[in-house]
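This is entry_37.cif (mmCIF, N, CA and C atoms).
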data_protein
loop_
_atom_site.label_atom_id
_atom_site.label_comp_id
_atom_site.auth_asym_id
_atom_site.auth_seq_id
_atom_site.Cartn_x
_atom_site.Cartn_y
_atom_site.Cartn_z
N MET B 285 0.85 -1.17 0.00
CA MET B 285 0.00 0.00 0.00
C MET B 285 0.89 1.23 0.00
N GLN B 286 0.53 2.20 -0.82
CA GLN B 286 1.33 3.42 -0.96
C GLN B 286 0.42 4.63 -1.03
N LEU B 287 0.75 5.66 -0.26
CA LEU B 287 0.06 6.94 -0.39
C LEU B 287 0.80 7.75 -1.43
N THR B 288 0.08 8.41 -2.34
CA THR B 288 0.78 9.05 -3.45
C THR B 288 0.68 10.56 -3.50
N LYS B 289 -0.45 11.14 -3.17
CA LYS B 289 -0.56 12.60 -3.22
C LYS B 289 -1.76 13.04 -2.42
N ALA B 290 -1.80 14.32 -2.12
CA ALA B 290 -2.94 14.94 -1.45
C ALA B 290 -3.45 16.08 -2.33
N THR B 291 -4.75 16.31 -2.30
CA THR B 291 -5.32 17.46 -3.00
C THR B 291 -5.94 18.38 -1.97
N PRO B 292 -5.29 19.50 -1.67
CA PRO B 292 -5.85 20.43 -0.69
C PRO B 292 -7.16 21.04 -1.19
N ILE B 293 -8.06 21.30 -0.26
CA ILE B 293 -9.30 22.01 -0.55
C ILE B 293 -9.28 23.30 0.26
N LEU B 294 -9.48 24.42 -0.41
CA LEU B 294 -9.52 25.72 0.25
C LEU B 294 -10.91 26.32 0.12
N ARG B 295 -11.35 26.98 1.17
CA ARG B 295 -12.67 27.62 1.18
C ARG B 295 -12.58 28.96 0.48
N ILE B 296 -13.54 29.22 -0.38
CA ILE B 296 -13.68 30.52 -1.05
C ILE B 296 -15.09 31.03 -0.82
N PHE B 297 -15.28 32.34 -0.97
CA PHE B 297 -16.59 32.94 -0.75
C PHE B 297 -17.08 33.77 -1.92
N ASP B 298 -16.22 33.99 -2.90
CA ASP B 298 -16.57 34.87 -4.01
C ASP B 298 -15.87 34.36 -5.26
N GLU B 299 -16.65 33.87 -6.20
CA GLU B 299 -16.08 33.27 -7.41
C GLU B 299 -15.20 34.26 -8.18
N ARG B 300 -15.65 35.50 -8.34
CA ARG B 300 -14.89 36.49 -9.09
C ARG B 300 -13.53 36.75 -8.44
N LYS B 301 -13.50 36.93 -7.12
CA LYS B 301 -12.24 37.16 -6.42
C LYS B 301 -11.33 35.94 -6.49
N ALA B 302 -11.92 34.76 -6.41
CA ALA B 302 -11.12 33.53 -6.48
C ALA B 302 -10.46 33.40 -7.85
N ARG B 303 -11.20 33.65 -8.90
CA ARG B 303 -10.63 33.57 -10.26
C ARG B 303 -9.58 34.65 -10.48
N GLU B 304 -9.83 35.85 -9.99
CA GLU B 304 -8.84 36.93 -10.12
C GLU B 304 -7.53 36.54 -9.44
N PHE B 305 -7.61 35.95 -8.25
CA PHE B 305 -6.41 35.59 -7.51
C PHE B 305 -5.72 34.36 -8.08
N TYR B 306 -6.46 33.25 -8.19
CA TYR B 306 -5.84 31.97 -8.55
C TYR B 306 -5.51 31.87 -10.04
N VAL B 307 -6.36 32.40 -10.90
CA VAL B 307 -6.14 32.29 -12.35
C VAL B 307 -5.34 33.48 -12.87
N ASP B 308 -5.86 34.69 -12.65
CA ASP B 308 -5.22 35.87 -13.22
C ASP B 308 -3.88 36.19 -12.56
N PHE B 309 -3.80 36.10 -11.23
CA PHE B 309 -2.57 36.46 -10.52
C PHE B 309 -1.60 35.29 -10.42
N LEU B 310 -2.03 34.16 -9.86
CA LEU B 310 -1.10 33.05 -9.63
C LEU B 310 -0.86 32.19 -10.88
N GLY B 311 -1.67 32.34 -11.90
CA GLY B 311 -1.43 31.61 -13.14
C GLY B 311 -1.94 30.18 -13.18
N PHE B 312 -2.87 29.84 -12.30
CA PHE B 312 -3.49 28.53 -12.35
C PHE B 312 -4.47 28.48 -13.52
N GLN B 313 -4.79 27.28 -13.96
CA GLN B 313 -5.84 27.11 -14.97
C GLN B 313 -7.00 26.39 -14.32
N VAL B 314 -8.20 26.68 -14.76
CA VAL B 314 -9.39 25.97 -14.28
C VAL B 314 -9.49 24.67 -15.06
N ASP B 315 -9.43 23.54 -14.35
CA ASP B 315 -9.54 22.22 -14.98
C ASP B 315 -10.99 21.81 -15.16
N TRP B 316 -11.79 22.03 -14.13
CA TRP B 316 -13.22 21.73 -14.18
C TRP B 316 -13.91 22.45 -13.04
N GLU B 317 -15.21 22.59 -13.17
CA GLU B 317 -16.02 23.18 -12.10
C GLU B 317 -17.36 22.48 -12.03
N HIS B 318 -17.97 22.55 -10.84
CA HIS B 318 -19.24 21.85 -10.63
C HIS B 318 -20.15 22.66 -9.71
N ARG B 319 -21.42 22.69 -10.06
CA ARG B 319 -22.50 23.18 -9.20
C ARG B 319 -23.63 22.17 -9.33
N PHE B 320 -24.28 21.87 -8.23
CA PHE B 320 -25.43 20.96 -8.30
C PHE B 320 -26.59 21.58 -9.07
N GLU B 321 -26.72 22.89 -8.95
CA GLU B 321 -27.70 23.68 -9.70
C GLU B 321 -27.07 25.05 -9.94
N PRO B 322 -27.57 25.82 -10.91
CA PRO B 322 -26.93 27.10 -11.26
C PRO B 322 -26.75 28.08 -10.10
N ASP B 323 -27.65 28.10 -9.13
CA ASP B 323 -27.54 29.07 -8.04
C ASP B 323 -26.95 28.49 -6.77
N LEU B 324 -26.38 27.29 -6.84
CA LEU B 324 -25.77 26.66 -5.67
C LEU B 324 -24.26 26.89 -5.66
N PRO B 325 -23.59 26.60 -4.53
CA PRO B 325 -22.16 26.90 -4.40
C PRO B 325 -21.30 26.20 -5.46
N LEU B 326 -20.20 26.85 -5.74
CA LEU B 326 -19.23 26.39 -6.74
C LEU B 326 -18.17 25.50 -6.08
N TYR B 327 -17.77 24.46 -6.80
CA TYR B 327 -16.63 23.62 -6.44
C TYR B 327 -15.81 23.48 -7.71
N LEU B 328 -14.53 23.83 -7.65
CA LEU B 328 -13.72 23.74 -8.87
C LEU B 328 -12.31 23.27 -8.58
N GLN B 329 -11.69 22.75 -9.62
CA GLN B 329 -10.29 22.34 -9.55
C GLN B 329 -9.47 23.29 -10.40
N VAL B 330 -8.37 23.78 -9.81
CA VAL B 330 -7.40 24.57 -10.54
C VAL B 330 -6.06 23.87 -10.44
N SER B 331 -5.19 24.12 -11.42
CA SER B 331 -3.87 23.50 -11.38
C SER B 331 -2.85 24.39 -12.05
N ARG B 332 -1.63 24.13 -11.69
CA ARG B 332 -0.49 24.78 -12.35
C ARG B 332 0.64 23.76 -12.30
N GLY B 333 1.13 23.39 -13.47
CA GLY B 333 2.13 22.33 -13.53
C GLY B 333 1.54 21.07 -12.91
N GLY B 334 2.27 20.47 -12.00
CA GLY B 334 1.80 19.25 -11.35
C GLY B 334 1.03 19.49 -10.07
N PHE B 335 0.80 20.76 -9.71
CA PHE B 335 0.11 21.07 -8.45
C PHE B 335 -1.37 21.27 -8.70
N VAL B 336 -2.21 20.53 -7.96
CA VAL B 336 -3.66 20.57 -8.10
C VAL B 336 -4.26 21.07 -6.79
N LEU B 337 -5.26 21.93 -6.92
CA LEU B 337 -5.92 22.52 -5.77
C LEU B 337 -7.42 22.55 -6.03
N HIS B 338 -8.21 22.24 -5.00
CA HIS B 338 -9.66 22.37 -5.10
C HIS B 338 -10.10 23.60 -4.32
N LEU B 339 -11.04 24.34 -4.88
CA LEU B 339 -11.61 25.52 -4.25
C LEU B 339 -13.10 25.29 -4.08
N SER B 340 -13.62 25.59 -2.90
CA SER B 340 -15.02 25.26 -2.61
C SER B 340 -15.74 26.40 -1.92
N GLU B 341 -16.95 26.70 -2.42
CA GLU B 341 -17.86 27.63 -1.74
C GLU B 341 -18.78 26.89 -0.77
N HIS B 342 -18.69 25.57 -0.72
CA HIS B 342 -19.59 24.77 0.11
C HIS B 342 -19.25 24.90 1.59
N HIS B 343 -20.23 25.29 2.39
CA HIS B 343 -20.08 25.34 3.84
C HIS B 343 -19.80 23.92 4.34
N GLY B 344 -18.81 23.78 5.18
CA GLY B 344 -18.51 22.48 5.76
C GLY B 344 -17.41 21.72 5.05
N ASP B 345 -17.03 22.13 3.83
CA ASP B 345 -15.92 21.44 3.16
C ASP B 345 -14.60 21.70 3.86
N CYS B 346 -14.42 22.91 4.32
CA CYS B 346 -13.17 23.29 4.98
C CYS B 346 -13.36 24.66 5.61
N CYS B 347 -12.40 25.06 6.41
CA CYS B 347 -12.46 26.36 7.08
C CYS B 347 -11.53 27.35 6.40
N PRO B 348 -11.92 28.60 6.32
CA PRO B 348 -10.98 29.60 5.79
C PRO B 348 -9.81 29.76 6.74
N GLY B 349 -8.70 30.24 6.24
CA GLY B 349 -7.53 30.45 7.07
C GLY B 349 -6.55 29.29 7.06
N ALA B 350 -6.63 28.44 6.05
CA ALA B 350 -5.70 27.32 5.94
C ALA B 350 -4.32 27.83 5.52
N ALA B 351 -3.31 26.99 5.71
CA ALA B 351 -1.95 27.31 5.27
C ALA B 351 -1.37 26.08 4.60
N MET B 352 -0.62 26.31 3.54
CA MET B 352 0.03 25.20 2.85
C MET B 352 1.36 25.65 2.29
N ARG B 353 2.24 24.67 2.09
CA ARG B 353 3.55 24.90 1.48
C ARG B 353 3.55 24.19 0.13
N ILE B 354 4.03 24.89 -0.90
CA ILE B 354 4.03 24.36 -2.26
C ILE B 354 5.46 24.39 -2.78
N ASP B 355 6.03 23.21 -3.04
CA ASP B 355 7.38 23.13 -3.59
C ASP B 355 7.42 23.79 -4.96
N THR B 356 8.45 24.59 -5.17
CA THR B 356 8.61 25.35 -6.40
C THR B 356 10.03 25.17 -6.91
N SER B 357 10.20 24.84 -8.17
CA SER B 357 11.54 24.58 -8.70
C SER B 357 12.35 25.86 -8.92
N ASP B 358 11.69 26.99 -9.17
CA ASP B 358 12.40 28.26 -9.41
C ASP B 358 11.61 29.40 -8.80
N ILE B 359 11.85 29.63 -7.52
CA ILE B 359 11.09 30.65 -6.80
C ILE B 359 11.39 32.05 -7.32
N ASP B 360 12.60 32.27 -7.81
CA ASP B 360 12.93 33.60 -8.36
C ASP B 360 12.11 33.90 -9.61
N ALA B 361 11.93 32.91 -10.48
CA ALA B 361 11.12 33.10 -11.68
C ALA B 361 9.66 33.33 -11.31
N LEU B 362 9.15 32.59 -10.33
CA LEU B 362 7.77 32.78 -9.90
C LEU B 362 7.60 34.18 -9.31
N HIS B 363 8.55 34.60 -8.50
CA HIS B 363 8.47 35.94 -7.91
C HIS B 363 8.45 37.01 -9.00
N ALA B 364 9.33 36.89 -9.99
CA ALA B 364 9.37 37.87 -11.08
C ALA B 364 8.05 37.88 -11.85
N GLU B 365 7.50 36.70 -12.09
CA GLU B 365 6.21 36.61 -12.80
C GLU B 365 5.11 37.32 -12.04
N LEU B 366 5.01 37.04 -10.72
CA LEU B 366 3.95 37.66 -9.92
C LEU B 366 4.16 39.16 -9.79
N ALA B 367 5.39 39.59 -9.60
CA ALA B 367 5.68 41.02 -9.48
C ALA B 367 5.29 41.77 -10.76
N GLY B 368 5.45 41.12 -11.89
CA GLY B 368 5.11 41.74 -13.16
C GLY B 368 3.63 41.90 -13.40
N LYS B 369 2.81 41.21 -12.64
CA LYS B 369 1.36 41.28 -12.83
C LYS B 369 0.72 42.45 -12.11
N ARG B 370 1.42 43.05 -11.18
CA ARG B 370 0.92 44.24 -10.47
C ARG B 370 -0.46 44.02 -9.85
N TYR B 371 -0.65 42.86 -9.22
CA TYR B 371 -1.90 42.54 -8.52
C TYR B 371 -2.08 43.54 -7.38
N GLY B 372 -3.25 44.11 -7.28
CA GLY B 372 -3.49 45.19 -6.33
C GLY B 372 -3.55 44.82 -4.87
N TYR B 373 -3.61 43.53 -4.55
CA TYR B 373 -3.83 43.14 -3.16
C TYR B 373 -2.68 42.36 -2.54
N ALA B 374 -1.58 42.17 -3.28
CA ALA B 374 -0.44 41.43 -2.72
C ALA B 374 0.82 41.77 -3.50
N ARG B 375 1.91 41.90 -2.77
CA ARG B 375 3.24 42.07 -3.34
C ARG B 375 4.19 41.12 -2.59
N PRO B 376 4.07 39.81 -2.84
CA PRO B 376 4.88 38.85 -2.07
C PRO B 376 6.37 39.03 -2.32
N GLN B 377 7.14 38.77 -1.27
CA GLN B 377 8.59 38.86 -1.32
C GLN B 377 9.20 37.52 -0.91
N ILE B 378 10.40 37.25 -1.38
CA ILE B 378 11.10 36.02 -1.03
C ILE B 378 11.88 36.25 0.27
N GLU B 379 11.83 35.26 1.16
CA GLU B 379 12.59 35.30 2.41
C GLU B 379 13.48 34.07 2.51
N ASP B 380 14.73 34.25 2.94
CA ASP B 380 15.61 33.14 3.27
C ASP B 380 15.26 32.71 4.70
N MET B 381 14.86 31.45 4.85
CA MET B 381 14.39 30.97 6.14
C MET B 381 15.53 30.27 6.89
N PRO B 382 15.52 30.33 8.22
CA PRO B 382 16.61 29.74 9.01
C PRO B 382 16.70 28.22 8.88
N TRP B 383 15.65 27.56 8.41
CA TRP B 383 15.66 26.10 8.28
C TRP B 383 16.13 25.64 6.90
N GLY B 384 16.60 26.57 6.08
CA GLY B 384 17.22 26.18 4.82
C GLY B 384 16.32 26.18 3.61
N SER B 385 15.39 27.09 3.54
CA SER B 385 14.56 27.21 2.33
C SER B 385 14.40 28.69 2.00
N ARG B 386 13.98 28.93 0.79
CA ARG B 386 13.60 30.28 0.37
C ARG B 386 12.10 30.24 0.15
N ASP B 387 11.37 31.09 0.86
CA ASP B 387 9.91 31.05 0.87
C ASP B 387 9.32 32.37 0.39
N MET B 388 8.16 32.25 -0.24
CA MET B 388 7.38 33.41 -0.64
C MET B 388 5.93 33.12 -0.30
N SER B 389 5.37 33.87 0.63
CA SER B 389 4.00 33.64 1.09
C SER B 389 3.06 34.70 0.54
N VAL B 390 1.84 34.26 0.25
CA VAL B 390 0.80 35.17 -0.20
C VAL B 390 -0.54 34.66 0.33
N LYS B 391 -1.39 35.58 0.77
CA LYS B 391 -2.72 35.19 1.25
C LYS B 391 -3.74 35.46 0.16
N ASP B 392 -4.67 34.51 0.02
CA ASP B 392 -5.76 34.71 -0.93
C ASP B 392 -6.81 35.63 -0.31
N PRO B 393 -7.81 36.06 -1.06
CA PRO B 393 -8.82 36.98 -0.52
C PRO B 393 -9.67 36.40 0.61
N PHE B 394 -9.49 35.13 0.92
CA PHE B 394 -10.33 34.47 1.92
C PHE B 394 -9.54 34.08 3.17
N GLY B 395 -8.28 34.53 3.26
CA GLY B 395 -7.46 34.29 4.44
C GLY B 395 -6.61 33.04 4.39
N ASN B 396 -6.60 32.33 3.27
CA ASN B 396 -5.76 31.14 3.14
C ASN B 396 -4.35 31.58 2.73
N ARG B 397 -3.33 30.97 3.35
CA ARG B 397 -1.94 31.33 3.06
C ARG B 397 -1.27 30.25 2.23
N LEU B 398 -0.72 30.66 1.10
CA LEU B 398 0.04 29.76 0.24
C LEU B 398 1.49 30.19 0.32
N THR B 399 2.36 29.27 0.74
CA THR B 399 3.79 29.55 0.81
C THR B 399 4.48 28.72 -0.25
N PHE B 400 5.04 29.40 -1.22
CA PHE B 400 5.82 28.75 -2.26
C PHE B 400 7.24 28.64 -1.72
N THR B 401 7.87 27.49 -1.88
CA THR B 401 9.15 27.25 -1.25
C THR B 401 10.11 26.51 -2.16
N THR B 402 11.38 26.85 -2.04
CA THR B 402 12.46 26.16 -2.74
C THR B 402 13.53 25.86 -1.71
N ALA B 403 13.89 24.58 -1.57
CA ALA B 403 14.93 24.20 -0.62
C ALA B 403 16.27 24.74 -1.10
N ILE B 404 17.10 25.25 -0.17
CA ILE B 404 18.44 25.72 -0.52
C ILE B 404 19.50 24.88 0.16
N SER B 405 19.08 23.90 0.97
CA SER B 405 20.04 22.98 1.57
C SER B 405 19.42 21.59 1.61
N THR B 406 20.27 20.58 1.71
CA THR B 406 19.76 19.22 1.75
C THR B 406 20.10 18.57 3.08
#
Please express what this file holds, its structure, as structure tokens.
Amino acid sequence: MQLTKATPILRIFDERKAREFYVDFLGFQVDWEHRFEPDLPLYLQVSRGGFVLHLSEHHGDCCPGAAMRIDTSDIDALHAELAGKRYGYARPQIEDMPWGSRDMSVKDPFGNRLTFTTAIST
């Protein structure tokens, strides 16, 4: 038996703000979306490269204010990409961490923190 991957679920409250942040700013693509009926909450999958994330408007799926770390092969390139987008609600910076990584954290409009990280020591 082998565990292979996890798919985080983050709570969102506003579809427009979620798309602006995850798609327009962070560069994720929408893989699929689902609503049980047109006026019911949205559940969607976004991805970038090999990283997959689920976003949910459904009460009870998860709590806002989650935190996650996302391995990144080139944090400097990601930082340059995000800085070039001039997103009005975040200007993330890279920090050298005492435990041997370079991290860049950004909060989504719903209080969830995504920390992109690149190890600098083994």
When DSSP works through the backbone of this structure, what residues of segment 301-382 of chain B end up as helix (DSSP H, G or I), shown as a list in words?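 Answer for segment 301-382 of chain B restricted to helix (DSSP H, G or I) is Lys301, Ala302, Arg303, Glu304, Phe305, Tyr306, Val307, Asp308, Phe309, Ile359, Asp360, Ala361, Leu362, His363, Ala364, Glu365, Leu366, Ala367, Gly368 and Lys369 of chain B.
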For a cut-off of 8 Å around (-14.1, 20.3, -14.5), file coordinates, pick out all residues using only N, CA and C atoms and list them as a ChimeraX atom specification. /B:314-318,327-329
Result set of the PyMOL selection byres ((chain B and resi 386) around 8) on the coordinates above, as a VMD selection string: chain B and resid 359 377 to 385 387 to 389 399 to 405
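By only N, CA and C atoms, and with residues fewer than 5 positions from Leu294 of chain B along its chain excluded, the set lying at most 8 Å from it is Leu337, His338, Leu339, Ser340, Glu341, His342, Asp345, Cys346, Cys347, Pro348, Gly349, Ala350 and Asn396 of chain B.
Restricting the calculation to all atoms listed in the file, the smallest distance between Gln313 of chain B and any of B:Met285, B:Met352, B:Ala374, B:Ser331 is found for B:Ser331.
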Do you know which residues are at most 12 Å from Tyr373 of chain B counting only C-alpha atoms, after dropping those on the same chain fewer than 6 positions away, and could you put them as a compact mmCIF listing (two decimals) with N, CA and C atoms, in the frame of the given file?
# COMPACT_ATOMS: atom_id res chain seq x y z
N LYS B 301 -13.50 36.93 -7.12
CA LYS B 301 -12.24 37.16 -6.42
C LYS B 301 -11.33 35.94 -6.49
N GLU B 304 -9.83 35.85 -9.99
CA GLU B 304 -8.84 36.93 -10.12
C GLU B 304 -7.53 36.54 -9.44
N PHE B 305 -7.61 35.95 -8.25
CA PHE B 305 -6.41 35.59 -7.51
C PHE B 305 -5.72 34.36 -8.08
N PHE B 309 -3.80 36.10 -11.23
CA PHE B 309 -2.57 36.46 -10.52
C PHE B 309 -1.60 35.29 -10.42
N LEU B 366 5.01 37.04 -10.72
CA LEU B 366 3.95 37.66 -9.92
C LEU B 366 4.16 39.16 -9.79
N ALA B 367 5.39 39.59 -9.60
CA ALA B 367 5.68 41.02 -9.48
C ALA B 367 5.29 41.77 -10.76
N VAL B 390 1.84 34.26 0.25
CA VAL B 390 0.80 35.17 -0.20
C VAL B 390 -0.54 34.66 0.33
N LYS B 391 -1.39 35.58 0.77
CA LYS B 391 -2.72 35.19 1.25
C LYS B 391 -3.74 35.46 0.16
N ASP B 392 -4.67 34.51 0.02
CA ASP B 392 -5.76 34.71 -0.93
C ASP B 392 -6.81 35.63 -0.31
N PRO B 393 -7.81 36.06 -1.06
CA PRO B 393 -8.82 36.98 -0.52
C PRO B 393 -9.67 36.40 0.61
N PHE B 394 -9.49 35.13 0.92
CA PHE B 394 -10.33 34.47 1.92
C PHE B 394 -9.54 34.08 3.17
Between atom C of His343 of chain B and atom CA of Val330 of chain B, distance in Å (one decimal): 19.4 Å
So how far away is atom CA of Phe320 of chain B from atom CA of Gly334 of chain B, in Å? 27.5 Å
Please list as number ranges by chain every residue within 12 Å of Gly333 of chain B, counting only C-alpha atoms and excluding residues in the same chain fewer than 4 positions away. B: 310-313, 315, 337, 354-357
DSSP says strand (DSSP E) for which residues of chain B? Put them as a VMD selection string? chain B and resid 293 to 295 313 to 318 327 to 332 335 to 340 351 to 355 378 to 381 385 to 391 397 to 403
Please produce an output containing N, CA and C atoms for each residue in the selection, written as a short mmCIF file (atom, residue, chain, number, x, y, z; two decimals), keeping the file's coordinate frame.
data_model
loop_
_atom_site.label_atom_id
_atom_site.label_comp_id
_atom_site.auth_asym_id
_atom_site.auth_seq_id
_atom_site.Cartn_x
_atom_site.Cartn_y
_atom_site.Cartn_z
N ILE B 293 -8.06 21.30 -0.26
CA ILE B 293 -9.30 22.01 -0.55
C ILE B 293 -9.28 23.30 0.26
N LEU B 294 -9.48 24.42 -0.41
CA LEU B 294 -9.52 25.72 0.25
C LEU B 294 -10.91 26.32 0.12
N ARG B 295 -11.35 26.98 1.17
CA ARG B 295 -12.67 27.62 1.18
C ARG B 295 -12.58 28.96 0.48
N GLN B 313 -4.79 27.28 -13.96
CA GLN B 313 -5.84 27.11 -14.97
C GLN B 313 -7.00 26.39 -14.32
N VAL B 314 -8.20 26.68 -14.76
CA VAL B 314 -9.39 25.97 -14.28
C VAL B 314 -9.49 24.67 -15.06
N ASP B 315 -9.43 23.54 -14.35
CA ASP B 315 -9.54 22.22 -14.98
C ASP B 315 -10.99 21.81 -15.16
N TRP B 316 -11.79 22.03 -14.13
CA TRP B 316 -13.22 21.73 -14.18
C TRP B 316 -13.91 22.45 -13.04
N GLU B 317 -15.21 22.59 -13.17
CA GLU B 317 -16.02 23.18 -12.10
C GLU B 317 -17.36 22.48 -12.03
N HIS B 318 -17.97 22.55 -10.84
CA HIS B 318 -19.24 21.85 -10.63
C HIS B 318 -20.15 22.66 -9.71
N TYR B 327 -17.77 24.46 -6.80
CA TYR B 327 -16.63 23.62 -6.44
C TYR B 327 -15.81 23.48 -7.71
N LEU B 328 -14.53 23.83 -7.65
CA LEU B 328 -13.72 23.74 -8.87
C LEU B 328 -12.31 23.27 -8.58
N GLN B 329 -11.69 22.75 -9.62
CA GLN B 329 -10.29 22.34 -9.55
C GLN B 329 -9.47 23.29 -10.40
N VAL B 330 -8.37 23.78 -9.81
CA VAL B 330 -7.40 24.57 -10.54
C VAL B 330 -6.06 23.87 -10.44
N SER B 331 -5.19 24.12 -11.42
CA SER B 331 -3.87 23.50 -11.38
C SER B 331 -2.85 24.39 -12.05
N ARG B 332 -1.63 24.13 -11.69
CA ARG B 332 -0.49 24.78 -12.35
C ARG B 332 0.64 23.76 -12.30
N PHE B 335 0.80 20.76 -9.71
CA PHE B 335 0.11 21.07 -8.45
C PHE B 335 -1.37 21.27 -8.70
N VAL B 336 -2.21 20.53 -7.96
CA VAL B 336 -3.66 20.57 -8.10
C VAL B 336 -4.26 21.07 -6.79
N LEU B 337 -5.26 21.93 -6.92
CA LEU B 337 -5.92 22.52 -5.77
C LEU B 337 -7.42 22.55 -6.03
N HIS B 338 -8.21 22.24 -5.00
CA HIS B 338 -9.66 22.37 -5.10
C HIS B 338 -10.10 23.60 -4.32
N LEU B 339 -11.04 24.34 -4.88
CA LEU B 339 -11.61 25.52 -4.25
C LEU B 339 -13.10 25.29 -4.08
N SER B 340 -13.62 25.59 -2.90
CA SER B 340 -15.02 25.26 -2.61
C SER B 340 -15.74 26.40 -1.92
N ALA B 351 -3.31 26.99 5.71
CA ALA B 351 -1.95 27.31 5.27
C ALA B 351 -1.37 26.08 4.60
N MET B 352 -0.62 26.31 3.54
CA MET B 352 0.03 25.20 2.85
C MET B 352 1.36 25.65 2.29
N ARG B 353 2.24 24.67 2.09
CA ARG B 353 3.55 24.90 1.48
C ARG B 353 3.55 24.19 0.13
N ILE B 354 4.03 24.89 -0.90
CA ILE B 354 4.03 24.36 -2.26
C ILE B 354 5.46 24.39 -2.78
N ASP B 355 6.03 23.21 -3.04
CA ASP B 355 7.38 23.13 -3.59
C ASP B 355 7.42 23.79 -4.96
N ILE B 378 10.40 37.25 -1.38
CA ILE B 378 11.10 36.02 -1.03
C ILE B 378 11.88 36.25 0.27
N GLU B 379 11.83 35.26 1.16
CA GLU B 379 12.59 35.30 2.41
C GLU B 379 13.48 34.07 2.51
N ASP B 380 14.73 34.25 2.94
CA ASP B 380 15.61 33.14 3.27
C ASP B 380 15.26 32.71 4.70
N MET B 381 14.86 31.45 4.85
CA MET B 381 14.39 30.97 6.14
C MET B 381 15.53 30.27 6.89
N SER B 385 15.39 27.09 3.54
CA SER B 385 14.56 27.21 2.33
C SER B 385 14.40 28.69 2.00
N ARG B 386 13.98 28.93 0.79
CA ARG B 386 13.60 30.28 0.37
C ARG B 386 12.10 30.24 0.15
N ASP B 387 11.37 31.09 0.86
CA ASP B 387 9.91 31.05 0.87
C ASP B 387 9.32 32.37 0.39
N MET B 388 8.16 32.25 -0.24
CA MET B 388 7.38 33.41 -0.64
C MET B 388 5.93 33.12 -0.30
N SER B 389 5.37 33.87 0.63
CA SER B 389 4.00 33.64 1.09
C SER B 389 3.06 34.70 0.54
N VAL B 390 1.84 34.26 0.25
CA VAL B 390 0.80 35.17 -0.20
C VAL B 390 -0.54 34.66 0.33
N LYS B 391 -1.39 35.58 0.77
CA LYS B 391 -2.72 35.19 1.25
C LYS B 391 -3.74 35.46 0.16
N ARG B 397 -3.33 30.97 3.35
CA ARG B 397 -1.94 31.33 3.06
C ARG B 397 -1.27 30.25 2.23
N LEU B 398 -0.72 30.66 1.10
CA LEU B 398 0.04 29.76 0.24
C LEU B 398 1.49 30.19 0.32
N THR B 399 2.36 29.27 0.74
CA THR B 399 3.79 29.55 0.81
C THR B 399 4.48 28.72 -0.25
N PHE B 400 5.04 29.40 -1.22
CA PHE B 400 5.82 28.75 -2.26
C PHE B 400 7.24 28.64 -1.72
N THR B 401 7.87 27.49 -1.88
CA THR B 401 9.15 27.25 -1.25
C THR B 401 10.11 26.51 -2.16
N THR B 402 11.38 26.85 -2.04
CA THR B 402 12.46 26.16 -2.74
C THR B 402 13.53 25.86 -1.71
N ALA B 403 13.89 24.58 -1.57
CA ALA B 403 14.93 24.20 -0.62
C ALA B 403 16.27 24.74 -1.10
#
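Taking only N, CA and C atoms into account, Ile293 of chain B lies nearest to B:Val336 out of the set B:Val336, B:Leu398, B:Arg353, B:Ala364.
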Need the axis-aligned box for segment 363-378 of chain B with 3 Å each side, so what are the centre and edges in Å to one decimal, as lines of an AutoDock Vina configuration file?
center_x = 4.0
center_y = 39.9
center_z = -6.6
size_x = 21.7
size_y = 16.6
size_z = 19.7
In Å, how far is it from atom N of Ala351 of chain B to atom C of Gly395 of chain B?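 For atom N of Ala351 of chain B relative to atom C of Gly395 of chain B, the distance reads 7.0 Å.
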So, counting all atoms listed in the file, which residue among B:Gln286, B:Thr291, B:Arg300, B:Val307 is closest to Phe335 of chain B?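 Going through B:Gln286, B:Thr291, B:Arg300, B:Val307 one by one, the smallest distance to Phe335 of chain B is for B:Thr291.
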Given only C-alpha atoms as the counted atoms, nearest of B:Arg370, B:Leu324, B:Lys289, B:Gly344 to Asp308 of chain B: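 Counting only C-alpha atoms, the residue closest to Asp308 of chain B is B:Arg370.
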